[in-house]
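Okay, structure first, notes after.
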Amino acid sequence: MSEFDDDRMERLLGAAGGAFPDVNTAYAQVQGRVRHIKQRRSMIAGTAACAVLVVGGAFALGSTGQRSNLQPGDHGSLSVDASVDTQSTPATDDTSAIRPSTTTAGSGAGSNGQGTSSQPTGPSSSTAATTTPSNPATADVQTYTCAGGTITVRLAAGALELVSSQPAAGFALDTSTATATRIEFRWRSSSDDQSIRIDLIGGVPVRKV
Amino acid sequence: MNEAITTISVAAGDSVETLFRAHYARLVRALAVVAGSQEAAADAVQEAFVKAHLHWRRIQRYDDPVGWIRRVAINKLRDDHRRGGRKERAVERLKADARPDQIEWSNGQDVTALLAELPRQQRLAMALFYVEGLPIVEVAAAMKLSEGAVKFHLHQGRDRLRGVVAISQEQLP
């Protein structure tokens with residue numbers, strides 16, 4: 001029994017509290033509000049997921065484009081890569097001059113592949129084929145590949161130009177250099193470190209191991 | 001009396017609906033005393049139960065889920081009061097019309113008008129104690145006050161109401 005128990009106060013305040021509300025109706029209203037909020041939440045979540053996908057895709061495209069735009073006058077990596085792939089041949093060795101290649105770093109050294117009849121098969125013919133092109137867009141664009149990634153380089157007006165670069169799966173760009181006489185890319189993965197370096201020596205791009 | 005009413009414990013497995021059916025009506029009536037309108041009180045209590053519904057996995061692990069719901073509803077009323085919403089206007093309207101010598105004690109609206117003259121803390125303490133039937137310790141928890149402070153508010157509020165009741169009864173023929 002509390003010192004504050006007071007039947008009269010209870011009656012007075014009980015009267016102020018009003019009649020007992022209808023619990024069933026009120027609970028139906030609560031359920032309706034809960035349902036409405038859940039629907040709104042799921043709609044917002046769906047919209048947000050779509051937005052994240054769109055922004056993520058745009059960001060991925062943007063970052064890819066940024067990596068390939070280290071030099072003015074570059075082309076989009078996808079289109080350039082496609083044009084280069086059509087003329088790529090197995091590499092012969094890493095000390096050769098400009099050489100369309102699909103080999104990976106390490107495997108290219110000392111391996112002598114057979115060129116096709118339309119492609120250079122040795123250092124001398126390769127140099128001749130690439131330094132005196134009638135169409136620079138096709139003849140002077142070369143792709144170099146290693147385990148860490150791929151770069152595409154063009155020889156224009158006696159200078160090297162980077163067309164595109166693309167890290168291999170699991171690798172990320174570490175450092176890059178792109179000058180008129182040297183283009184060097186280094187990619188790093190969690191357990192590996194790979195690089196490609198192309199020097200312009202005597203007007204001829206030469207890959208250094 | 002209070003203990004008998006308020007010991008509706010939250011057993012394991014109780015759902016929001018169980019709590020709603022056990023506590024909704026008393027909570028609405030108590031907060032109607034504070035808000036001056038049962039509609040405003042019902043709105044606040046329903047919103048508190050909606051929040052409980054949405055976060056029930058977490059709230060059901062609390063020691064006192066009903067206490068949490070009560071505090072949410074009280075906070076909602078307080079926020080509405082601060083914003084000067086319809087609840088406050090309803091109380092102010094009733095307050096303007098209220099005169100102790102014309103109070104009809106059987107009329108809940110008249111009593112509400114009289115209560116509107118009490119400070120808010122006193123009103124809330126009295127509503128939770130006399131209408132919802134909470135023990136002082138639970139009133140203190142709901143108001144985030146000490147038990148001594150709650151007793152002070154109950155004393156003050158009861159004395160003021162008793163004074164007004166005495167005046168009105170003296171004026172009865």
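If you're wondering about the labels, chains in the structure tokens are A, B, ... by order shown, residues count from 1 in each chain, ligands from 1 in order shown.
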Determine, for each residue of chain A having at least one atom at most 6 Å from an atom of chain B, the closest pair of atoms and their separation in Å to one decimal, counting only C-alpha atoms; order by chain and ascending number, as a Markdown table.
| residue | atom | partner | partner_atom | distance |
| --- | --- | --- | --- | --- |
| A:Glu10 | CA | B:Tyr130 | CA | 5.0 |
| A:Gly14 | CA | B:Val131 | CA | 5.5 |
| A:Ala15 | CA | B:Gly108 | CA | 4.3 |
| A:Ala16 | CA | B:Gly108 | CA | 4.1 |
| A:Gly17 | CA | B:Arg29 | CA | 4.2 |
| A:Phe20 | CA | B:Ala25 | CA | 5.8 |
| A:Pro21 | CA | B:Ala25 | CA | 5.8 |
| A:Val30 | CA | B:Val50 | CA | 5.9 |
| A:Val34 | CA | B:Val50 | CA | 5.8 |
Resulting file, chosen residues, N, CA, C and O atoms, as a PDB file, in the first residue's frame:
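The resulting again_0.pdb:
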ATOM      1  N   GLU A  10      -7.627   8.592  -8.465  1.00  0.00           N
ATOM      2  CA  GLU A  10      -7.709   7.638  -9.584  1.00  0.00           C
ATOM      3  C   GLU A  10      -8.965   7.880 -10.413  1.00  0.00           C
ATOM      4  O   GLU A  10      -8.931   7.840 -11.637  1.00  0.00           O
ATOM      5  N   GLY A  14      -8.725   9.195 -13.999  1.00  0.00           N
ATOM      6  CA  GLY A  14      -9.276   8.206 -14.928  1.00  0.00           C
ATOM      7  C   GLY A  14     -10.305   8.835 -15.848  1.00  0.00           C
ATOM      8  O   GLY A  14     -10.370   8.535 -17.044  1.00  0.00           O
ATOM      9  N   ALA A  15     -11.091   9.755 -15.266  1.00  0.00           N
ATOM     10  CA  ALA A  15     -12.070  10.463 -16.100  1.00  0.00           C
ATOM     11  C   ALA A  15     -11.366  11.314 -17.143  1.00  0.00           C
ATOM     12  O   ALA A  15     -11.802  11.417 -18.297  1.00  0.00           O
ATOM     13  N   ALA A  16     -10.242  11.906 -16.749  1.00  0.00           N
ATOM     14  CA  ALA A  16      -9.501  12.727 -17.710  1.00  0.00           C
ATOM     15  C   ALA A  16      -8.886  11.878 -18.804  1.00  0.00           C
ATOM     16  O   ALA A  16      -8.705  12.339 -19.941  1.00  0.00           O
ATOM     17  N   GLY A  17      -8.572  10.642 -18.466  1.00  0.00           N
ATOM     18  CA  GLY A  17      -7.973   9.750 -19.468  1.00  0.00           C
ATOM     19  C   GLY A  17      -8.946   9.322 -20.543  1.00  0.00           C
ATOM     20  O   GLY A  17      -8.548   8.881 -21.620  1.00  0.00           O
ATOM     21  N   PHE A  20     -11.945   3.725 -22.578  1.00  0.00           N
ATOM     22  CA  PHE A  20     -10.934   2.774 -23.066  1.00  0.00           C
ATOM     23  C   PHE A  20     -11.010   2.711 -24.587  1.00  0.00           C
ATOM     24  O   PHE A  20     -12.085   2.499 -25.141  1.00  0.00           O
ATOM     25  N   PRO A  21      -9.905   2.897 -25.252  1.00  0.00           N
ATOM     26  CA  PRO A  21      -9.931   2.863 -26.727  1.00  0.00           C
ATOM     27  C   PRO A  21     -10.098   1.435 -27.245  1.00  0.00           C
ATOM     28  O   PRO A  21      -9.831   0.466 -26.533  1.00  0.00           O
ATOM     29  N   VAL A  30      -1.907  -0.003 -36.354  1.00  0.00           N
ATOM     30  CA  VAL A  30      -0.461  -0.188 -36.177  1.00  0.00           C
ATOM     31  C   VAL A  30       0.076  -1.122 -37.248  1.00  0.00           C
ATOM     32  O   VAL A  30       1.128  -0.857 -37.863  1.00  0.00           O
ATOM     33  N   VAL A  34       2.957  -0.327 -39.999  1.00  0.00           N
ATOM     34  CA  VAL A  34       4.162  -1.161 -40.125  1.00  0.00           C
ATOM     35  C   VAL A  34       4.313  -1.648 -41.563  1.00  0.00           C
ATOM     36  O   VAL A  34       5.400  -1.600 -42.155  1.00  0.00           O
TER      37      VAL A  34
END
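Using only C-alpha atoms, the nearest neighbour of Gln121 in chain B within the list B:Leu134, B:Ala73, B:Ala44, B:Ala149 is B:Ala149.
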Hey, what does DSSP flag as alpha helix (DSSP H) within range 29-72 of chain B? Can you give it to me as number ranges by chain?
-> B: 29-35, 38-54, 56-59, 65-72
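Between CA of Ala169 in chain A and CA of Thr181 in chain A lies a distance of 28.2 Å.
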Leaving out Ala172 in chain A and any residue of its chain fewer than 6 positions from it, which residues lie within 10 Å of it when counting only C-alpha atoms, given as number ranges by chain?
-> A: 148-149, 166, 186-190, 193
